[in-house]
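Asks: Sharing a structure with you now.
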Amino acid sequence: MAKTLLIIATGGTISSVPSAAGFVPGQSVKELTAALPIPDEWDLKIEDQGQALSSNFTLSDMNRVALRVVEAHADAVVVLHGTGVMEETAFLTDVRLAASGQRKSVVFTGAQRVASEPGADGLQNLFDAVRMAVHPQAWRLGAAIVFDGFVFSAMTAGKTDSWSLHAFSGGDGGALARVYPHGLRLLNWPAWRYPCSGDKLAPEVELVWFSAGMDGRSIALDNVRGMVLAASGVGNVNAAVAERLKEAFDRGISVVVATRTGAGGVFPWYGGAGGSRTLEMIGVSFTDLHPLKARILLMAALGNDASVTETFKGQAWMFPPE
């Protein structure tokens, strides 16, 4: 019985074409997939979910893509997505996918150059994404981003260069694999995932980026259910911000602290006003997730009345290839 590969197009640079107003999404998914080398044992289905730059994606757009991936009757799914917020949609998809318990390979990819430019990378990224998606063990890696020949976990992947073809990196996790014409070479393994059941997102979650000399009064607390603070170092802020966080916690706002560094994590190490150990005593939660990912997870937890503490613990993911 043939397996099904579903390709979902959402727009982005990979589908963009020149126009008088600049490059805009416009190439159809049928045109993009016309030359794909699909293995004989796979049936290809394609689905167009719009033509937009990912910077225009709303929470509803991201959630729609994530839920469609989970609900799709397919053995593998490739999502063509703008690179701007791809890491957020991919992570939300992995949150939903992990909660579903499905053995479905899911791969996100896109492009840094439009097809009409010299050195366009979209078609190669798409070829690599398909090679990854149809691999019999790909589902074990969770949702992934494939870009410039590398495979990154949706949990740690981030866009780290606005222009280079090697636009993504894997943070502390590094790359999971490399894609070659003859197959995949596994390099690493995702040891942790963050499942959260339900299909809702709570939009009332603020992302606050700490900076030197920041005044705590600039942090809004009205009509806020949750807050992710991107702190310096291992979770440190100044006294003014720490006082504002205590006020938020006292109001019943769920506060999660991550590091703005992009790697290394947070932990209760420094005391004094604003130190990470002091923040722990206030009652905030810590996470090693990137602040962008932490915001997505907090919205998922609050949107579905899940325990924030338990959700941010995550689950060990130890299923190496058989």
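Simple scheme: letters A, B, ... for chains in structure tokens order, numbers from 1 for residues in each chain, numbers from 1 for ligands in the order shown.
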Fewer than 6 positions away in the same chain doesn't count, so skip those; otherwise give me all residues within 10 Å of stretch 79-84 of chain A, counting only C-alpha atoms, as a short mmCIF file (atom, residue, chain, number, x, y, z; two decimals) with C-alpha atoms, in the first residue's frame.
Replies:
data_model
loop_
_atom_site.label_atom_id
_atom_site.label_comp_id
_atom_site.auth_asym_id
_atom_site.auth_seq_id
_atom_site.Cartn_x
_atom_site.Cartn_y
_atom_site.Cartn_z
CA LEU A 6 1.42 15.88 1.76
CA ILE A 7 3.05 19.17 0.78
CA ILE A 8 1.41 22.26 2.29
CA ALA A 9 2.30 25.65 0.80
CA THR A 10 1.81 28.81 2.86
CA GLY A 11 3.77 31.39 0.83
CA GLY A 12 7.10 32.99 1.69
CA THR A 13 10.21 33.62 -0.39
CA ILE A 14 10.13 30.12 -1.87
CA SER A 15 6.95 31.05 -3.74
CA SER A 16 7.79 34.70 -4.43
CA PRO A 25 4.45 35.41 -3.01
CA VAL A 29 2.59 24.96 -5.23
CA LEU A 32 7.08 24.38 -7.16
CA GLU A 47 -2.43 21.73 -0.58
CA ASP A 48 -2.30 25.50 -0.94
CA GLN A 49 -3.01 27.42 2.26
CA GLN A 51 0.33 33.22 -0.37
CA ALA A 52 1.75 35.39 2.40
CA LEU A 53 5.03 36.56 3.81
CA SER A 54 5.38 34.81 7.16
CA SER A 55 5.87 38.15 8.92
CA ASN A 56 2.14 38.66 8.31
CA PHE A 57 1.21 35.37 9.97
CA VAL A 65 -1.01 25.14 9.94
CA ALA A 66 -0.02 23.19 13.05
CA VAL A 69 -0.38 18.94 9.92
CA ALA A 90 7.45 24.64 13.39
CA VAL A 106 7.02 16.60 9.56
CA VAL A 107 9.47 18.91 7.80
CA PHE A 108 9.43 22.68 7.30
CA THR A 109 11.49 24.42 4.64
CA GLY A 110 11.60 27.58 2.56
CA ALA A 111 14.08 29.79 0.76
CA GLN A 112 16.32 32.81 1.12
CA GLY A 122 14.27 27.00 -2.80
CA ASN A 125 15.71 22.94 0.03
CA LEU A 126 12.46 21.40 -1.16
CA ALA A 129 12.95 18.32 2.73
CA ILE A 145 13.42 22.37 9.75
CA PHE A 147 17.62 24.18 5.27
CA GLY A 158 16.25 29.47 14.87
CA LYS A 159 16.86 31.82 11.99
CA SER A 162 18.76 37.36 7.54
CA ALA A 167 20.00 30.92 7.51
CA PHE A 168 19.23 28.51 10.36
#
Asks: Show me a table, sorted first by chain and then by increasing residue number, of the residues of stretch 258-294 of chain A having an atom at most 7 Å from stretch 228-250 of chain A, each with its shortest atom pair and the distance in Å to one decimal, counting only C-alpha atoms and written as a tab-separated table.
Replies:
residue	atom	partner	partner_atom	distance
A:Ala258	CA	A:Ala230	CA	5.1
A:Thr259	CA	A:Ala231	CA	4.9
A:Arg260	CA	A:Ala230	CA	4.8
A:Thr261	CA	A:Gly233	CA	6.6
A:Gly265	CA	A:Val234	CA	6.2
A:Val266	CA	A:Val234	CA	4.1
A:Phe267	CA	A:Val234	CA	5.8
A:Ala273	CA	A:Ala239	CA	4.9
A:Gly274	CA	A:Val237	CA	4.7
A:Gly275	CA	A:Asn236	CA	4.8
A:Ser276	CA	A:Gly235	CA	4.9
A:Leu279	CA	A:Ala242	CA	6.9
A:Ile282	CA	A:Lys246	CA	6.0
A:Pro291	CA	A:Ala230	CA	5.8
A:Ala294	CA	A:Val228	CA	6.8
Asks: Would you put the residues from that selection into a file with N, CA and C atoms, as a PDB file, in the first residue's frame?
Replies:
ATOM      1  N   ALA A 258      13.468  33.111  30.373  1.00  0.00           N
ATOM      2  CA  ALA A 258      14.400  32.444  29.454  1.00  0.00           C
ATOM      3  C   ALA A 258      15.621  33.349  29.308  1.00  0.00           C
ATOM      4  N   THR A 259      16.633  32.878  28.605  1.00  0.00           N
ATOM      5  CA  THR A 259      17.801  33.714  28.365  1.00  0.00           C
ATOM      6  C   THR A 259      17.746  34.339  26.982  1.00  0.00           C
ATOM      7  N   ARG A 260      18.191  35.578  26.901  1.00  0.00           N
ATOM      8  CA  ARG A 260      18.221  36.272  25.612  1.00  0.00           C
ATOM      9  C   ARG A 260      19.449  35.878  24.790  1.00  0.00           C
ATOM     10  N   THR A 261      20.348  35.079  25.353  1.00  0.00           N
ATOM     11  CA  THR A 261      21.595  34.734  24.670  1.00  0.00           C
ATOM     12  C   THR A 261      21.411  33.748  23.532  1.00  0.00           C
ATOM     13  N   GLY A 265      20.904  28.351  28.531  1.00  0.00           N
ATOM     14  CA  GLY A 265      19.850  28.125  29.508  1.00  0.00           C
ATOM     15  C   GLY A 265      19.901  29.070  30.692  1.00  0.00           C
ATOM     16  N   VAL A 266      18.920  28.914  31.574  1.00  0.00           N
ATOM     17  CA  VAL A 266      18.816  29.729  32.792  1.00  0.00           C
ATOM     18  C   VAL A 266      18.754  28.816  34.009  1.00  0.00           C
ATOM     19  N   PHE A 267      19.250  29.319  35.121  1.00  0.00           N
ATOM     20  CA  PHE A 267      19.184  28.571  36.373  1.00  0.00           C
ATOM     21  C   PHE A 267      19.455  29.525  37.532  1.00  0.00           C
ATOM     22  N   ALA A 273      19.378  41.806  44.174  1.00  0.00           N
ATOM     23  CA  ALA A 273      18.221  42.349  43.453  1.00  0.00           C
ATOM     24  C   ALA A 273      18.316  42.027  41.970  1.00  0.00           C
ATOM     25  N   GLY A 274      17.376  41.236  41.473  1.00  0.00           N
ATOM     26  CA  GLY A 274      17.329  40.900  40.059  1.00  0.00           C
ATOM     27  C   GLY A 274      18.086  39.658  39.670  1.00  0.00           C
ATOM     28  N   GLY A 275      18.826  39.036  40.615  1.00  0.00           N
ATOM     29  CA  GLY A 275      19.544  37.820  40.296  1.00  0.00           C
ATOM     30  C   GLY A 275      18.601  36.652  40.050  1.00  0.00           C
ATOM     31  N   SER A 276      19.049  35.667  39.309  1.00  0.00           N
ATOM     32  CA  SER A 276      18.177  34.548  38.944  1.00  0.00           C
ATOM     33  C   SER A 276      17.697  33.760  40.163  1.00  0.00           C
ATOM     34  N   LEU A 279      14.834  35.702  41.506  1.00  0.00           N
ATOM     35  CA  LEU A 279      13.625  35.519  40.695  1.00  0.00           C
ATOM     36  C   LEU A 279      12.960  34.188  41.018  1.00  0.00           C
ATOM     37  N   ILE A 282      10.781  34.536  43.925  1.00  0.00           N
ATOM     38  CA  ILE A 282       9.517  35.211  43.617  1.00  0.00           C
ATOM     39  C   ILE A 282       8.466  34.193  43.187  1.00  0.00           C
ATOM     40  N   PRO A 291      13.332  32.377  23.969  1.00  0.00           N
ATOM     41  CA  PRO A 291      12.146  33.161  24.342  1.00  0.00           C
ATOM     42  C   PRO A 291      10.994  33.085  23.352  1.00  0.00           C
ATOM     43  N   ALA A 294       9.379  29.817  24.013  1.00  0.00           N
ATOM     44  CA  ALA A 294       8.736  29.843  25.329  1.00  0.00           C
ATOM     45  C   ALA A 294       7.390  30.564  25.257  1.00  0.00           C
TER      46      ALA A 294
END
Asks: Could you check which of A:His73, A:Arg113, A:Arg68, A:Arg96 is closest to A:Val17, using only C-alpha atoms?
Replies: A:Arg113
Asks: Quote the spacing between atom CA of A:Ala306 and atom CA of A:Lys200 in Å to one decimal place.
Replies: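 Pair atom CA of A:Ala306 / atom CA of A:Lys200 returns 11.0 Å.
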Asks: Which is closest to A:Phe127 among A:Ile46, A:Met62, A:Val224, A:Val146, if we use only C-alpha atoms?
Replies: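 The answer is A:Val146, which sits nearest to A:Phe127.
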Asks: Could you pull out the strand (DSSP E) residues of stretch 181-298 of chain A, going by DSSP on the backbone, and write them as a list of chain:residue names?
Replies: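 Here are the strand (DSSP E) residues of stretch 181-298 of chain A: A:Gly183, A:Leu184, A:Arg185, A:Leu186, A:Trp192, A:Arg193, A:Val205, A:Glu206, A:Leu207, A:Val208, A:Trp209, A:Gly226, A:Met227, A:Val228, A:Leu229, A:Ala230, A:Ala231, A:Ser254, A:Val255, A:Val256, A:Val257, A:Ala258, A:Thr259, A:Ser285, A:Phe286.
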Asks: Mind dumping the selected residues with C-alpha atoms as an mmCIF file, in the first residue's frame?
Replies:
data_model
loop_
_atom_site.group_PDB
_atom_site.id
_atom_site.type_symbol
_atom_site.label_atom_id
_atom_site.label_comp_id
_atom_site.auth_asym_id
_atom_site.auth_seq_id
_atom_site.Cartn_x
_atom_site.Cartn_y
_atom_site.Cartn_z
ATOM 1 C CA GLY A 183 20.283 9.722 2.040
ATOM 2 C CA LEU A 184 20.646 11.163 5.536
ATOM 3 C CA ARG A 185 23.533 11.138 7.968
ATOM 4 C CA LEU A 186 22.375 11.375 11.580
ATOM 5 C CA TRP A 192 13.443 16.689 24.820
ATOM 6 C CA ARG A 193 10.000 17.694 23.543
ATOM 7 C CA VAL A 205 1.023 36.572 26.494
ATOM 8 C CA GLU A 206 3.713 39.246 26.390
ATOM 9 C CA LEU A 207 7.335 38.765 25.331
ATOM 10 C CA VAL A 208 9.581 41.194 27.215
ATOM 11 C CA TRP A 209 13.236 41.625 26.209
ATOM 12 C CA GLY A 226 1.273 35.354 30.780
ATOM 13 C CA MET A 227 4.710 36.830 30.267
ATOM 14 C CA VAL A 228 7.994 35.512 28.930
ATOM 15 C CA LEU A 229 11.006 37.516 29.984
ATOM 16 C CA ALA A 230 14.170 37.249 27.893
ATOM 17 C CA ALA A 231 16.685 37.899 30.654
ATOM 18 C CA SER A 254 2.237 33.341 34.731
ATOM 19 C CA VAL A 255 5.855 34.471 34.366
ATOM 20 C CA VAL A 256 8.482 32.402 32.536
ATOM 21 C CA VAL A 257 12.130 33.447 32.366
ATOM 22 C CA ALA A 258 14.400 32.444 29.454
ATOM 23 C CA THR A 259 17.801 33.714 28.365
ATOM 24 C CA SER A 285 9.308 29.492 36.062
ATOM 25 C CA PHE A 286 12.581 28.947 34.209
#
